[in-house]
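Trainee: Dropping in data-v4.txt, which is compact mmCIF, N, CA and C atoms:
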# COMPACT_ATOMS: atom_id res chain seq x y z
N MET N 78 122.58 84.93 89.17
CA MET N 78 123.57 85.57 89.97
C MET N 78 122.93 86.14 91.23
N PHE N 79 122.14 87.19 91.10
CA PHE N 79 121.46 87.77 92.25
C PHE N 79 119.98 87.48 92.15
N GLU N 80 119.41 87.14 93.26
CA GLU N 80 117.96 86.95 93.30
C GLU N 80 117.37 88.09 94.12
N TYR N 81 116.37 88.70 93.55
CA TYR N 81 115.70 89.77 94.25
C TYR N 81 114.37 89.26 94.77
N LEU N 82 114.15 89.48 96.02
CA LEU N 82 112.91 89.06 96.64
C LEU N 82 112.04 90.29 96.82
N ILE N 83 110.89 90.26 96.19
CA ILE N 83 109.96 91.37 96.33
C ILE N 83 109.07 91.09 97.52
N VAL N 84 109.19 91.93 98.52
CA VAL N 84 108.41 91.78 99.73
C VAL N 84 107.35 92.86 99.74
N MET N 85 106.11 92.44 99.86
CA MET N 85 105.00 93.38 99.87
C MET N 85 104.35 93.32 101.24
N ALA N 86 104.25 94.45 101.91
CA ALA N 86 103.61 94.51 103.21
C ALA N 86 102.10 94.49 102.99
N VAL N 87 101.48 93.40 103.38
CA VAL N 87 100.04 93.22 103.13
C VAL N 87 99.29 93.44 104.43
N ARG N 88 98.21 94.19 104.33
CA ARG N 88 97.34 94.48 105.48
C ARG N 88 95.92 94.03 105.18
N ILE N 89 95.22 93.64 106.22
CA ILE N 89 93.79 93.37 106.12
C ILE N 89 93.13 94.55 106.82
N ARG N 90 92.36 95.33 106.07
CA ARG N 90 91.82 96.57 106.62
C ARG N 90 90.47 96.89 106.02
N LEU N 91 89.88 97.99 106.49
CA LEU N 91 88.58 98.42 106.02
C LEU N 91 88.72 99.40 104.86
N LYS N 92 87.82 99.26 103.90
CA LYS N 92 87.74 100.18 102.76
C LYS N 92 86.35 100.79 102.80
N ARG N 93 86.27 102.09 102.91
CA ARG N 93 84.98 102.75 103.05
C ARG N 93 84.29 102.95 101.71
N PHE N 94 82.98 102.70 101.71
CA PHE N 94 82.12 103.07 100.60
C PHE N 94 80.79 103.45 101.21
N GLY N 95 79.84 103.87 100.40
CA GLY N 95 78.57 104.33 100.95
C GLY N 95 78.50 105.84 100.87
N THR N 96 77.41 106.39 101.37
CA THR N 96 77.21 107.83 101.28
C THR N 96 77.68 108.54 102.54
N THR N 97 77.50 109.84 102.58
CA THR N 97 78.01 110.65 103.67
C THR N 97 77.46 110.23 105.02
N ASN N 98 76.18 110.06 105.14
CA ASN N 98 75.58 109.74 106.43
C ASN N 98 75.21 108.26 106.57
N ALA N 99 75.59 107.45 105.63
CA ALA N 99 75.34 106.01 105.68
C ALA N 99 76.62 105.26 105.33
N PRO N 100 77.57 105.21 106.27
CA PRO N 100 78.84 104.54 105.95
C PRO N 100 78.67 103.03 105.85
N ALA N 101 79.48 102.44 105.01
CA ALA N 101 79.59 101.00 104.89
C ALA N 101 81.04 100.71 104.55
N TYR N 102 81.50 99.55 104.94
CA TYR N 102 82.91 99.22 104.75
C TYR N 102 83.04 97.83 104.15
N ARG N 103 84.07 97.64 103.35
CA ARG N 103 84.46 96.32 102.87
C ARG N 103 85.74 95.94 103.60
N ILE N 104 85.85 94.69 103.96
CA ILE N 104 87.07 94.19 104.57
C ILE N 104 87.92 93.65 103.43
N VAL N 105 89.08 94.26 103.22
CA VAL N 105 89.91 93.92 102.06
C VAL N 105 91.33 93.58 102.49
N VAL N 106 91.99 92.83 101.64
CA VAL N 106 93.41 92.56 101.76
C VAL N 106 94.09 93.48 100.76
N ALA N 107 94.99 94.34 101.25
CA ALA N 107 95.60 95.34 100.37
C ALA N 107 97.06 95.55 100.74
N ASP N 108 97.81 96.05 99.79
CA ASP N 108 99.17 96.48 100.03
C ASP N 108 99.11 97.67 100.98
N SER N 109 99.98 97.69 101.97
CA SER N 109 99.93 98.76 102.97
C SER N 109 100.22 100.13 102.39
N ARG N 110 100.86 100.19 101.23
CA ARG N 110 101.20 101.48 100.62
C ARG N 110 100.06 102.06 99.80
N SER N 111 99.05 101.26 99.50
CA SER N 111 97.93 101.77 98.70
C SER N 111 97.00 102.61 99.58
N PRO N 112 96.28 103.58 99.00
CA PRO N 112 95.39 104.41 99.79
C PRO N 112 94.21 103.62 100.36
N ARG N 113 93.56 104.19 101.34
CA ARG N 113 92.47 103.50 102.04
C ARG N 113 91.40 102.99 101.09
N ASP N 114 90.97 103.80 100.16
CA ASP N 114 89.91 103.41 99.23
C ASP N 114 90.47 103.03 97.86
N GLY N 115 91.75 102.73 97.81
CA GLY N 115 92.39 102.44 96.53
C GLY N 115 92.40 100.96 96.19
N ARG N 116 93.47 100.55 95.53
CA ARG N 116 93.59 99.18 95.04
C ARG N 116 93.63 98.19 96.19
N PHE N 117 93.11 97.00 95.93
CA PHE N 117 93.18 95.93 96.91
C PHE N 117 93.40 94.61 96.19
N ILE N 118 93.80 93.60 96.94
CA ILE N 118 94.10 92.29 96.38
C ILE N 118 92.85 91.42 96.36
N GLU N 119 92.15 91.38 97.50
CA GLU N 119 90.97 90.53 97.62
C GLU N 119 90.00 91.13 98.63
N GLU N 120 88.72 90.99 98.35
CA GLU N 120 87.68 91.40 99.30
C GLU N 120 87.24 90.17 100.07
N ILE N 121 87.30 90.24 101.41
CA ILE N 121 86.98 89.06 102.21
C ILE N 121 85.79 89.27 103.13
N GLY N 122 85.14 90.42 103.06
CA GLY N 122 83.97 90.62 103.91
C GLY N 122 83.44 92.04 103.83
N SER N 123 82.46 92.31 104.69
CA SER N 123 81.88 93.64 104.75
C SER N 123 81.44 93.95 106.18
N TYR N 124 81.30 95.25 106.46
CA TYR N 124 80.88 95.74 107.77
C TYR N 124 79.90 96.88 107.56
N LEU N 125 78.70 96.72 108.11
CA LEU N 125 77.66 97.74 108.00
C LEU N 125 77.35 98.25 109.40
N PRO N 126 77.97 99.35 109.81
CA PRO N 126 77.85 99.81 111.20
C PRO N 126 76.44 100.28 111.59
N LEU N 127 75.62 100.68 110.63
CA LEU N 127 74.28 101.16 110.97
C LEU N 127 73.27 100.02 111.14
N GLN N 128 73.64 98.84 110.72
CA GLN N 128 72.76 97.69 110.85
C GLN N 128 72.86 97.14 112.27
N GLN N 129 71.73 96.75 112.86
CA GLN N 129 71.73 96.32 114.25
C GLN N 129 72.31 94.91 114.45
N LYS N 130 71.80 93.93 113.70
CA LYS N 130 72.26 92.56 113.88
C LYS N 130 73.01 92.10 112.63
N ASP N 131 73.93 91.19 112.84
CA ASP N 131 74.72 90.61 111.75
C ASP N 131 75.32 91.70 110.86
N ASN N 132 76.01 92.65 111.48
CA ASN N 132 76.57 93.74 110.70
C ASN N 132 77.97 93.45 110.15
N VAL N 133 78.54 92.30 110.51
CA VAL N 133 79.85 91.91 109.98
C VAL N 133 79.70 90.59 109.24
N ILE N 134 80.12 90.57 107.99
CA ILE N 134 80.17 89.35 107.19
C ILE N 134 81.64 89.15 106.84
N LEU N 135 82.18 87.98 107.19
CA LEU N 135 83.61 87.75 107.01
C LEU N 135 83.85 86.32 106.54
N LYS N 136 84.66 86.19 105.50
CA LYS N 136 85.09 84.86 105.04
C LYS N 136 86.27 84.47 105.93
N LEU N 137 85.97 83.72 106.98
CA LEU N 137 86.96 83.40 107.99
C LEU N 137 88.10 82.54 107.42
N ASP N 138 87.80 81.65 106.48
CA ASP N 138 88.84 80.82 105.89
C ASP N 138 89.84 81.66 105.09
N ARG N 139 89.35 82.65 104.36
CA ARG N 139 90.25 83.52 103.59
C ARG N 139 91.07 84.43 104.51
N ALA N 140 90.44 84.90 105.59
CA ALA N 140 91.18 85.73 106.55
C ALA N 140 92.30 84.90 107.18
N GLY N 141 92.01 83.66 107.55
CA GLY N 141 93.03 82.78 108.11
C GLY N 141 94.16 82.50 107.12
N TYR N 142 93.79 82.33 105.85
CA TYR N 142 94.80 82.11 104.81
C TYR N 142 95.76 83.29 104.74
N TRP N 143 95.21 84.51 104.67
CA TRP N 143 96.07 85.68 104.52
C TRP N 143 96.91 85.94 105.76
N VAL N 144 96.34 85.68 106.94
CA VAL N 144 97.12 85.85 108.17
C VAL N 144 98.26 84.84 108.19
N SER N 145 98.00 83.60 107.73
CA SER N 145 99.06 82.59 107.68
C SER N 145 100.17 82.97 106.70
N LYS N 146 99.85 83.76 105.68
CA LYS N 146 100.84 84.22 104.71
C LYS N 146 101.58 85.47 105.18
N GLY N 147 101.21 86.00 106.35
CA GLY N 147 101.93 87.14 106.90
C GLY N 147 101.20 88.47 106.86
N ALA N 148 99.94 88.48 106.43
CA ALA N 148 99.18 89.73 106.39
C ALA N 148 98.87 90.19 107.81
N GLN N 149 98.97 91.48 108.04
CA GLN N 149 98.71 92.04 109.36
C GLN N 149 97.33 92.69 109.37
N PRO N 150 96.39 92.21 110.19
CA PRO N 150 95.08 92.86 110.25
C PRO N 150 95.16 94.15 111.07
N SER N 151 94.32 95.12 110.71
CA SER N 151 94.21 96.34 111.51
C SER N 151 93.55 95.97 112.84
N GLU N 152 93.54 96.87 113.80
CA GLU N 152 92.96 96.58 115.11
C GLU N 152 91.49 96.22 114.99
N THR N 153 90.76 96.97 114.18
CA THR N 153 89.33 96.73 114.02
C THR N 153 89.08 95.38 113.36
N VAL N 154 89.80 95.08 112.32
CA VAL N 154 89.62 93.81 111.62
C VAL N 154 90.06 92.65 112.50
N ALA N 155 91.09 92.84 113.31
CA ALA N 155 91.52 91.79 114.23
C ALA N 155 90.41 91.45 115.22
N SER N 156 89.68 92.47 115.68
CA SER N 156 88.57 92.21 116.60
C SER N 156 87.43 91.50 115.88
N PHE N 157 87.19 91.83 114.61
CA PHE N 157 86.17 91.12 113.83
C PHE N 157 86.54 89.66 113.66
N ILE N 158 87.81 89.38 113.38
CA ILE N 158 88.27 88.00 113.20
C ILE N 158 88.12 87.23 114.50
N LYS N 159 88.49 87.86 115.60
CA LYS N 159 88.38 87.21 116.91
C LYS N 159 86.92 86.87 117.23
N LYS N 160 86.00 87.81 116.99
CA LYS N 160 84.58 87.56 117.25
C LYS N 160 84.02 86.49 116.32
N ALA N 161 84.46 86.48 115.06
CA ALA N 161 83.98 85.48 114.10
C ALA N 161 84.47 84.09 114.49
N ARG N 162 85.70 83.99 114.94
CA ARG N 162 86.22 82.67 115.38
C ARG N 162 85.47 82.19 116.61
N LYS N 163 85.17 83.10 117.53
CA LYS N 163 84.43 82.75 118.75
C LYS N 163 83.03 82.28 118.40
N ALA N 164 82.37 82.97 117.46
CA ALA N 164 81.03 82.59 117.04
C ALA N 164 81.04 81.25 116.30
N ALA N 165 82.07 81.01 115.49
CA ALA N 165 82.17 79.74 114.76
C ALA N 165 82.40 78.57 115.73
N ALA N 166 83.18 78.81 116.78
CA ALA N 166 83.42 77.77 117.78
C ALA N 166 82.15 77.48 118.57
N ALA N 167 81.37 78.52 118.87
CA ALA N 167 80.11 78.33 119.60
C ALA N 167 79.10 77.59 118.74
N THR N 168 79.08 77.86 117.45
CA THR N 168 78.16 77.18 116.54
C THR N 168 78.55 75.71 116.37
N ALA N 169 79.86 75.44 116.32
CA ALA N 169 80.33 74.07 116.15
C ALA N 169 80.10 73.22 117.41
N ALA N 170 80.10 73.85 118.56
CA ALA N 170 79.93 73.11 119.82
C ALA N 170 78.51 72.78 120.15
Starting from the coordinates I provided, produce the structure as structure tokens.
Mentor:
Amino acid sequence: MFEYLIVMAVRIRLKRFGTTNAPAYRIVVADSRSPRDGRFIEEIGSYLPLQQKDNVILKLDRAGYWVSKGAQPSETVASFIKKARKAAAATAA
């Protein structure tokens, strides 16, 4: 009779872990209603701000998959995705 469509607002965002003076972040796909460090659907990368080189590790194929399904990346994660795509294109060329 009636079909109910469950719509979940999915975000790609940073989840903080690490100690007080040594922050580290995981790039996760999570429901937008869950807390910052709470439940997540999938971990697709990491960000280590104190590391000088190669401080972002990102599974670009998984990020593309989730964006194609309607997930909205945060501003920071969107810049990481943009830089990773640019680096992948430079490596392929």
Trainee: Tell me which of N:Ser109, N:Phe157, N:Ser151, N:Glu119 sits closest to N:Leu137, counting only C-alpha atoms.
Mentor: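 Among the listed residues, N:Phe157 lies closest to N:Leu137.
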Trainee: Between N:Ala148, N:Leu91, N:Leu135, N:Leu125, single out the one closest to N:Asp108, counting only C-alpha atoms.
Mentor: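 When distances to N:Asp108 are compared using only C-alpha atoms, the smallest one comes from N:Ala148.
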Trainee: So, with only C-alpha atoms as the atoms that count, which of N:Asp131, N:Arg113, N:Ala101, N:Val87 lies closest to N:Gly147?
Mentor: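 Residue with the minimum atom-to-atom distance to N:Gly147: N:Val87.
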Trainee: At what distance in Å, to one decimal, does atom CA of N:Arg139 lie from atom N of N:Pro100?
Mentor: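 Result for atom N of N:Pro100 versus atom CA of N:Arg139: 25.3 Å, one decimal.
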Trainee: Could you jot down the atom CA of N:Ala164 to atom C of N:Ile134 separation for me, Å, one decimal place?
Mentor: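 Atom-to-atom, atom CA of N:Ala164 and atom C of N:Ile134 are spaced 12.1 Å apart.
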Trainee: Tell me, in Å to one decimal, how far atom C of N:Gly141 is from atom N of N:Thr96.
Mentor: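 Going from atom C of N:Gly141 over to atom N of N:Thr96 covers 29.7 Å.
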Trainee: Identify, with DSSP run on backbone atoms, the residues in stretch 110-161 of chain N assigned to alpha helix (DSSP H), and express the list as a list in words.
Mentor: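 Everything in stretch 110-161 of chain N that counts as alpha helix (DSSP H) is Leu137, Asp138, Arg139, Ala140, Gly141, Tyr142, Trp143, Val144, Ser145, Glu152, Thr153, Val154, Ala155, Ser156, Phe157, Ile158, Lys159, Lys160 and Ala161 of chain N.
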Trainee: Might you pull out every residue within 6 Å of N:Gly122, with all atoms listed in the file counted and same-chain residues fewer than 3 positions away left off, and present them as a VMD selection string?
Mentor: chain N and resid 102 to 105 134 to 136
Trainee: I want to know what sits within 7 Å of N:Ala107, based on only N, CA and C atoms, with residues of the same chain fewer than 4 positions away left out; could you give that as number ranges by chain?
Mentor: N: 86-90, 111, 116-119
Trainee: Restricting the calculation to only C-alpha atoms: of N:Trp143, N:Val133, N:Tyr124, N:Phe94, which residue gets closest to N:Ala161?
Mentor: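 Closest candidate: N:Val133.
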Trainee: Mind the document's chain letters and residue numbers, and return as a ChimeraX atom specification the residues of chain N that DSSP labels strand (DSSP E or B).
Mentor: /N:87-95,100-108,119-124,133-135,149-150
